[in-house]
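See below for the structure under consideration.
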Amino acid sequence: MLSSLRRILLRSFSRVRRSVRRQPWRWAAGVTVAALFAYFTCIGAPFNFPVGAYVDIPQGTTLSQAAATLKGRGIIRSEIAFEILVRVFGAERHVIAGEYFFPGKAAVLRVALRLGSGDFEITPARVRVAEGATVQDIANGLAKAIPGFNLSEFERETSGKEGYLFPDTYFFMPGETTQEILGAFSNNFSTHIASIQKQIDAFGKPLSDVIIMASLLEREAPDTQDRRIIAGILWKRIKLGMPLQVDAVFPYIIGKNSLDLTAQDLKVDSPYNTYTHKGLPPGPIANPGLDAILAAVTPISTSYLYYLSDKNGTFHYSATYDQHLAAKVKYLGD
């Protein structure tokens with residue numbers, strides 16, 4: 001049986017060899033056609049390759065599922081060719097989950113090698129969150145920087161987190177979940193709070209009150225010394241039962257800065273209105289940085305009860321209301 005099969009194979013090989021010798025151009029043409037056919041149907045990048053695309057391969061995706069995803073996105077021509085190449089050249093013979101970026105066209109071998117080795121070809125998005133940014137500011141910044149960012153989910157999950165998204169520079173990969181992004185913010189907040197926990201404990205106020213006050217200071221004054229003096233004034237006003245009358249809440253409430261406010265604006269119906277409600281607002285108006293948080297728990301005690309900022313941003317302090325009115329005339333022309 002084996003000898004018969006061997007004779008058949010040898011005979012067939014001899015025929016092919018004789019044919020090649022007699023008509024070499026036909027074989028060359030045939031090989032070329034076969035190679036082109038294989039390239040344009042299996043190997044080469046599709047004509048409609050989505051250059052600049054991000055493709056997410058979720059955890060637990062099988063090789064065949066990944067092949068179907070890539071075929072559906074126009075990354076590969078042949079699922080079979082992709083699977084064979086991953087099995088032959090992939091270090092683990094399966095695809096590695098993650099977000100893949102395709103900056104240019106790639107043949108199926110290159111795609112197989114990348115998914116088999118976890119070559120995501122992605123640079124993390126750099127997101128700078130400024131001190132005093134609101135949750136909405138942060139959400140908008142993340143949406144601009146991270147491809148595929150789920151803005152609506154982030155807005156939903158950050159309800160009640162104003163003040164606790166610590167300002168800093170962050171690096172996020174495309175495809176990171178809202179929970180992973182918020183985890184980075186939460187860890188950073190906890191780390192920085194731990195660095196001044198002794199001062200917070202010594203001050204004796206709840207952290208929630210400290211963060212609210214810090215958010216006011218962050219938006220009221222840029223200088224540490226002024227923040228600490230203003231903190232002393234505001235904590236004193238709360239103790240005396242006076243309204244805080246902090247103008248920094250109005251950009252948060254109605255989007256107007258201090259110099260644009262009218263007498264009617266000061267009466268706007270909002271629990272954050274520190275002219276019509278005594279004590280701290282119900283929540284932070286921004287996400288304060290470490291300097292503002294530290295200023296909130298290290299206030300400077302003075303005789304002042306009033307303050308204002310002139311048109312150059314310089315603060316002027318007064319002990320009495322009459323002195324404050326005189327300062328308004330002198331520095332603001334009111």
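Residues are named by chain letter and number: chains run A, B, ... in the order of the structure tokens, numbers start at 1 in each chain, and ligands are numbered from 1 in the order shown.
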
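Near range 175-192 of chain A, within 6 Å and counting only C-alpha atoms, sit A:Glu99, A:Phe154, A:Leu165, A:Phe166, not including residues fewer than 6 positions from it in the same chain.
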
- Message: So that I can check the surroundings of Asp119 in chain A, please list as a list in words every protein, DNA and RNA residue that reaches within 10 Å of it, counting only C-alpha atoms and ignoring chain neighbours fewer than 6 positions away.
- Response: Ile96, Gly98, Glu99, Tyr100, Phe101, Val111 and Leu113 of chain A

I need the residues from that last selection saved to file as a short mmCIF file (atom, residue, chain, number, x, y, z; two decimals), in the first residue's frame (with N, CA and C atoms), if you can.
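Final output, part-v2.cif:
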```cif
data_model
loop_
_atom_site.label_atom_id
_atom_site.label_comp_id
_atom_site.auth_asym_id
_atom_site.auth_seq_id
_atom_site.Cartn_x
_atom_site.Cartn_y
_atom_site.Cartn_z
N ILE A 96 -4.23 38.74 22.82
CA ILE A 96 -4.16 39.40 24.11
C ILE A 96 -5.17 40.54 24.14
N GLY A 98 -7.29 43.91 24.97
CA GLY A 98 -6.89 45.30 25.14
C GLY A 98 -7.39 46.16 23.99
N GLU A 99 -7.02 47.43 24.04
CA GLU A 99 -7.40 48.40 23.00
C GLU A 99 -6.23 48.55 22.03
N TYR A 100 -6.47 48.28 20.76
CA TYR A 100 -5.42 48.34 19.74
C TYR A 100 -5.66 49.54 18.82
N PHE A 101 -4.57 50.22 18.50
CA PHE A 101 -4.63 51.37 17.60
C PHE A 101 -3.95 50.99 16.28
N VAL A 111 -0.88 42.21 11.75
CA VAL A 111 -2.01 42.25 12.70
C VAL A 111 -1.95 41.05 13.64
N LEU A 113 0.69 39.25 14.49
CA LEU A 113 1.82 39.39 15.40
C LEU A 113 1.50 40.37 16.53
#
```

- Out of range 254-323 of chain A, which residues get strand (DSSP E) from DSSP, as a VMD selection string? chain A and resid 306 to 309 315 to 318

Take the residues from that selection and put them in a file with all heavy atoms, as a compact mmCIF listing (two decimals), in the first residue's frame.
```txt
# COMPACT_ATOMS: atom_id res chain seq x y z
N TYR A 306 -14.16 91.43 56.76
CA TYR A 306 -14.56 91.71 55.39
C TYR A 306 -13.31 91.73 54.49
O TYR A 306 -12.20 92.00 54.95
CB TYR A 306 -15.26 93.07 55.29
CG TYR A 306 -16.48 93.19 56.17
CD1 TYR A 306 -16.36 93.68 57.49
CD2 TYR A 306 -17.73 92.83 55.71
CE1 TYR A 306 -17.48 93.78 58.30
CE2 TYR A 306 -18.86 92.93 56.52
CZ TYR A 306 -18.71 93.40 57.81
OH TYR A 306 -19.82 93.49 58.62
N TYR A 307 -13.53 91.47 53.21
CA TYR A 307 -12.43 91.53 52.24
C TYR A 307 -13.00 91.78 50.85
O TYR A 307 -14.17 91.51 50.58
CB TYR A 307 -11.61 90.24 52.26
CG TYR A 307 -12.33 89.03 51.75
CD1 TYR A 307 -12.24 88.62 50.41
CD2 TYR A 307 -13.13 88.26 52.60
CE1 TYR A 307 -12.91 87.51 49.94
CE2 TYR A 307 -13.80 87.14 52.15
CZ TYR A 307 -13.69 86.76 50.81
OH TYR A 307 -14.37 85.67 50.35
N LEU A 308 -12.16 92.28 49.99
CA LEU A 308 -12.54 92.44 48.58
C LEU A 308 -11.29 92.37 47.73
O LEU A 308 -10.17 92.57 48.20
CB LEU A 308 -13.28 93.77 48.35
CG LEU A 308 -12.56 95.09 48.66
CD1 LEU A 308 -11.67 95.52 47.49
CD2 LEU A 308 -13.57 96.19 48.94
N SER A 309 -11.50 92.07 46.46
CA SER A 309 -10.41 92.01 45.50
C SER A 309 -10.58 93.14 44.51
O SER A 309 -11.67 93.32 43.94
CB SER A 309 -10.41 90.66 44.77
OG SER A 309 -9.47 90.65 43.71
N PHE A 315 -6.00 91.81 47.20
CA PHE A 315 -7.02 91.76 48.24
C PHE A 315 -6.81 92.86 49.28
O PHE A 315 -5.67 93.20 49.63
CB PHE A 315 -7.01 90.38 48.93
CG PHE A 315 -7.69 89.32 48.11
CD1 PHE A 315 -6.99 88.61 47.16
CD2 PHE A 315 -9.05 89.06 48.28
CE1 PHE A 315 -7.62 87.64 46.39
CE2 PHE A 315 -9.69 88.09 47.52
CZ PHE A 315 -8.97 87.38 46.57
N HIS A 316 -7.94 93.38 49.76
CA HIS A 316 -7.94 94.42 50.79
C HIS A 316 -8.89 93.98 51.89
O HIS A 316 -10.02 93.55 51.61
CB HIS A 316 -8.36 95.76 50.19
CG HIS A 316 -7.52 96.20 49.02
ND1 HIS A 316 -6.31 96.86 49.17
CD2 HIS A 316 -7.69 96.02 47.68
CE1 HIS A 316 -5.80 97.08 47.98
NE2 HIS A 316 -6.61 96.58 47.05
N TYR A 317 -8.44 94.09 53.13
CA TYR A 317 -9.19 93.56 54.27
C TYR A 317 -9.66 94.69 55.19
O TYR A 317 -8.99 95.71 55.34
CB TYR A 317 -8.32 92.59 55.04
CG TYR A 317 -7.81 91.45 54.18
CD1 TYR A 317 -6.54 91.51 53.59
CD2 TYR A 317 -8.61 90.34 53.93
CE1 TYR A 317 -6.09 90.48 52.77
CE2 TYR A 317 -8.16 89.30 53.12
CZ TYR A 317 -6.90 89.38 52.54
OH TYR A 317 -6.46 88.37 51.73
N SER A 318 -10.82 94.46 55.81
CA SER A 318 -11.40 95.46 56.72
C SER A 318 -11.95 94.76 57.96
O SER A 318 -12.47 93.64 57.87
CB SER A 318 -12.52 96.23 56.03
OG SER A 318 -12.07 96.84 54.83
```

- Would you kindly return, as a list in words, each protein, DNA or RNA residue with an atom no farther than 12 Å from any atom of Lys239 in chain A, considering only C-alpha atoms and excluding same-chain residues fewer than 6 positions away?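 The residues that qualify are Gly232, Ile233, Lys278, Gly279, Leu280 and Leu305 of chain A.
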
- Which polymer residues have any atom within 10 Å of an atom of Ser258 in chain A, counting only C-alpha atoms, with same-chain residues fewer than 2 positions away left out, as a list of chain:residue names?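 Counting only C-alpha atoms, the residues come to A:Glu220, A:Val246, A:Asp247, A:Ala248, A:Val249, A:Phe250, A:Pro251, A:Lys256, A:Asp260, A:Leu261, A:Thr262, A:Ser309.
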
Any chance you could export the current selection's C-alpha atoms as a PDB file, in the first residue's frame?
```pdb
ATOM      1  CA  GLU A 220     -11.644  83.109  45.543  1.00  0.00           C
ATOM      2  CA  VAL A 246     -18.576  84.610  48.651  1.00  0.00           C
ATOM      3  CA  ASP A 247     -18.832  85.721  45.027  1.00  0.00           C
ATOM      4  CA  ALA A 248     -16.970  82.633  43.784  1.00  0.00           C
ATOM      5  CA  VAL A 249     -20.160  80.573  43.980  1.00  0.00           C
ATOM      6  CA  PHE A 250     -21.850  82.509  41.184  1.00  0.00           C
ATOM      7  CA  PRO A 251     -19.836  81.106  38.255  1.00  0.00           C
ATOM      8  CA  LYS A 256     -21.090  84.926  36.071  1.00  0.00           C
ATOM      9  CA  ASP A 260     -20.288  90.983  36.192  1.00  0.00           C
ATOM     10  CA  LEU A 261     -22.736  90.408  39.051  1.00  0.00           C
ATOM     11  CA  THR A 262     -25.824  92.575  39.486  1.00  0.00           C
ATOM     12  CA  SER A 309     -10.407  92.013  45.499  1.00  0.00           C
TER      13      SER A 309
END
```

- Task: Between A:Ile146, A:Leu240, A:Asp168, A:Asp269, single out the one closest to Val129 in chain A, counting only C-alpha atoms.
- Result: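 Looking only at the distances to Val129 in chain A, the closest residue turns out to be A:Asp168.
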
- Nearest residue to Ile293 in chain A from the set A:Gln264, A:Pro281, A:Gly132, A:Pro174 (distances using only C-alpha atoms): A:Gly132

- Show which residues sit within 8 Å of range 64-74 of chain A, as a PyMOL selection string. Count only C-alpha atoms, and ignore same-chain residues fewer than 5 positions away. chain A and resi 46+48-50+55+57+79-80+82-83+95

Could you take the residues named above and write them with N, CA, C and O atoms, as a PDB file, in the first residue's frame?
```pdb
ATOM      1  N   PRO A  46      -7.004  45.234   3.687  1.00  0.00           N
ATOM      2  CA  PRO A  46      -8.190  45.560   2.887  1.00  0.00           C
ATOM      3  C   PRO A  46      -8.101  46.964   2.298  1.00  0.00           C
ATOM      4  O   PRO A  46      -7.458  47.845   2.874  1.00  0.00           O
ATOM      5  N   ASN A  48     -10.395  49.096   2.216  1.00  0.00           N
ATOM      6  CA  ASN A  48     -11.119  50.032   3.089  1.00  0.00           C
ATOM      7  C   ASN A  48     -10.593  49.999   4.516  1.00  0.00           C
ATOM      8  O   ASN A  48     -11.334  50.256   5.478  1.00  0.00           O
ATOM      9  N   PHE A  49      -9.315  49.659   4.677  1.00  0.00           N
ATOM     10  CA  PHE A  49      -8.704  49.580   6.013  1.00  0.00           C
ATOM     11  C   PHE A  49      -8.957  50.896   6.764  1.00  0.00           C
ATOM     12  O   PHE A  49      -8.632  51.971   6.269  1.00  0.00           O
ATOM     13  N   PRO A  50      -9.528  50.827   7.983  1.00  0.00           N
ATOM     14  CA  PRO A  50      -9.881  52.048   8.725  1.00  0.00           C
ATOM     15  C   PRO A  50      -8.672  52.659   9.429  1.00  0.00           C
ATOM     16  O   PRO A  50      -8.474  52.488  10.637  1.00  0.00           O
ATOM     17  N   VAL A  55      -9.517  49.445  18.070  1.00  0.00           N
ATOM     18  CA  VAL A  55     -10.302  48.219  18.134  1.00  0.00           C
ATOM     19  C   VAL A  55     -10.129  47.599  19.512  1.00  0.00           C
ATOM     20  O   VAL A  55      -9.008  47.340  19.955  1.00  0.00           O
ATOM     21  N   ILE A  57     -10.479  44.589  22.090  1.00  0.00           N
ATOM     22  CA  ILE A  57     -10.591  43.136  22.218  1.00  0.00           C
ATOM     23  C   ILE A  57     -10.826  42.849  23.701  1.00  0.00           C
ATOM     24  O   ILE A  57      -9.880  42.886  24.501  1.00  0.00           O
ATOM     25  N   GLU A  79     -10.468  35.692   7.989  1.00  0.00           N
ATOM     26  CA  GLU A  79     -10.431  35.226   9.371  1.00  0.00           C
ATOM     27  C   GLU A  79      -9.550  33.995   9.504  1.00  0.00           C
ATOM     28  O   GLU A  79      -8.804  33.844  10.481  1.00  0.00           O
ATOM     29  N   ILE A  80      -9.635  33.108   8.509  1.00  0.00           N
ATOM     30  CA  ILE A  80      -8.860  31.863   8.553  1.00  0.00           C
ATOM     31  C   ILE A  80      -7.359  32.162   8.529  1.00  0.00           C
ATOM     32  O   ILE A  80      -6.588  31.605   9.310  1.00  0.00           O
ATOM     33  N   PHE A  82      -5.858  34.870   9.444  1.00  0.00           N
ATOM     34  CA  PHE A  82      -5.487  35.492  10.717  1.00  0.00           C
ATOM     35  C   PHE A  82      -5.304  34.437  11.808  1.00  0.00           C
ATOM     36  O   PHE A  82      -4.313  34.442  12.540  1.00  0.00           O
ATOM     37  N   GLU A  83      -6.263  33.512  11.917  1.00  0.00           N
ATOM     38  CA  GLU A  83      -6.191  32.491  12.961  1.00  0.00           C
ATOM     39  C   GLU A  83      -4.977  31.591  12.783  1.00  0.00           C
ATOM     40  O   GLU A  83      -4.285  31.250  13.754  1.00  0.00           O
ATOM     41  N   VAL A  95      -4.998  35.595  21.253  1.00  0.00           N
ATOM     42  CA  VAL A  95      -4.900  37.052  21.225  1.00  0.00           C
ATOM     43  C   VAL A  95      -4.889  37.595  22.647  1.00  0.00           C
ATOM     44  O   VAL A  95      -5.449  36.998  23.564  1.00  0.00           O
TER      45      VAL A  95
END
```

- Run DSSP on the backbone and grab whatever in range 39-190 of chain A lands in alpha helix (DSSP H); send it over as a PyMOL selection string. chain A and resi 63-72+79-89+108-117+135-145+151-157+178-190

- Query: Expressed in Å to a single decimal, how great is the separation between CA of Ala45 in chain A and CA of Gly148 in chain A?
  - Reply: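 It comes out at 24.0 Å.
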
- Message: Report as a VMD selection string all protein, DNA and RNA residues lying within 9 Å of Met173 in chain A, evaluated on only C-alpha atoms, omitting residues in the same chain fewer than 4 positions from it.
- Response: chain A and resid 99 122 to 125 146 to 147

What would the file look like if the residues just selected were written as a compact mmCIF listing (two decimals), in the first residue's frame with all heavy atoms?
```txt
# COMPACT_ATOMS: atom_id res chain seq x y z
N GLU A 99 -7.02 47.43 24.04
CA GLU A 99 -7.40 48.40 23.00
C GLU A 99 -6.23 48.55 22.03
O GLU A 99 -5.12 48.90 22.43
CB GLU A 99 -7.73 49.74 23.63
CG GLU A 99 -8.35 50.74 22.69
CD GLU A 99 -9.86 50.66 22.64
OE1 GLU A 99 -10.44 49.88 23.42
OE2 GLU A 99 -10.46 51.37 21.83
N ILE A 122 -0.29 52.15 21.33
CA ILE A 122 -1.07 53.29 21.83
C ILE A 122 -0.22 54.10 22.80
O ILE A 122 0.44 53.54 23.68
CB ILE A 122 -2.35 52.82 22.54
CG1 ILE A 122 -3.33 52.23 21.53
CG2 ILE A 122 -3.02 53.96 23.30
CD1 ILE A 122 -4.59 51.67 22.15
N THR A 123 -0.25 55.41 22.65
CA THR A 123 0.38 56.32 23.60
C THR A 123 -0.70 56.80 24.57
O THR A 123 -1.77 57.24 24.14
CB THR A 123 0.99 57.54 22.88
OG1 THR A 123 1.95 57.07 21.94
CG2 THR A 123 1.65 58.47 23.88
N PRO A 124 -0.46 56.72 25.87
CA PRO A 124 -1.48 57.17 26.83
C PRO A 124 -1.86 58.63 26.59
O PRO A 124 -1.02 59.46 26.23
CB PRO A 124 -0.80 56.98 28.19
CG PRO A 124 0.27 55.98 27.95
CD PRO A 124 0.74 56.20 26.54
N ALA A 125 -3.13 58.93 26.80
CA ALA A 125 -3.60 60.31 26.66
C ALA A 125 -3.23 61.09 27.92
O ALA A 125 -3.47 60.63 29.04
CB ALA A 125 -5.12 60.32 26.47
N ILE A 146 -9.47 61.37 25.27
CA ILE A 146 -9.50 59.90 25.25
C ILE A 146 -10.48 59.39 24.19
O ILE A 146 -11.69 59.61 24.32
CB ILE A 146 -9.89 59.34 26.62
CG1 ILE A 146 -8.95 59.89 27.71
CG2 ILE A 146 -9.85 57.81 26.62
CD1 ILE A 146 -9.35 59.47 29.12
N PRO A 147 -10.00 58.73 23.16
CA PRO A 147 -10.91 58.16 22.16
C PRO A 147 -11.86 57.16 22.79
O PRO A 147 -11.46 56.33 23.63
CB PRO A 147 -9.96 57.45 21.18
CG PRO A 147 -8.64 58.13 21.38
CD PRO A 147 -8.58 58.49 22.83
```

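Interatomic distance, CA of Thr62 in chain A against CA of Ala107 in chain A: 20.8 Å.
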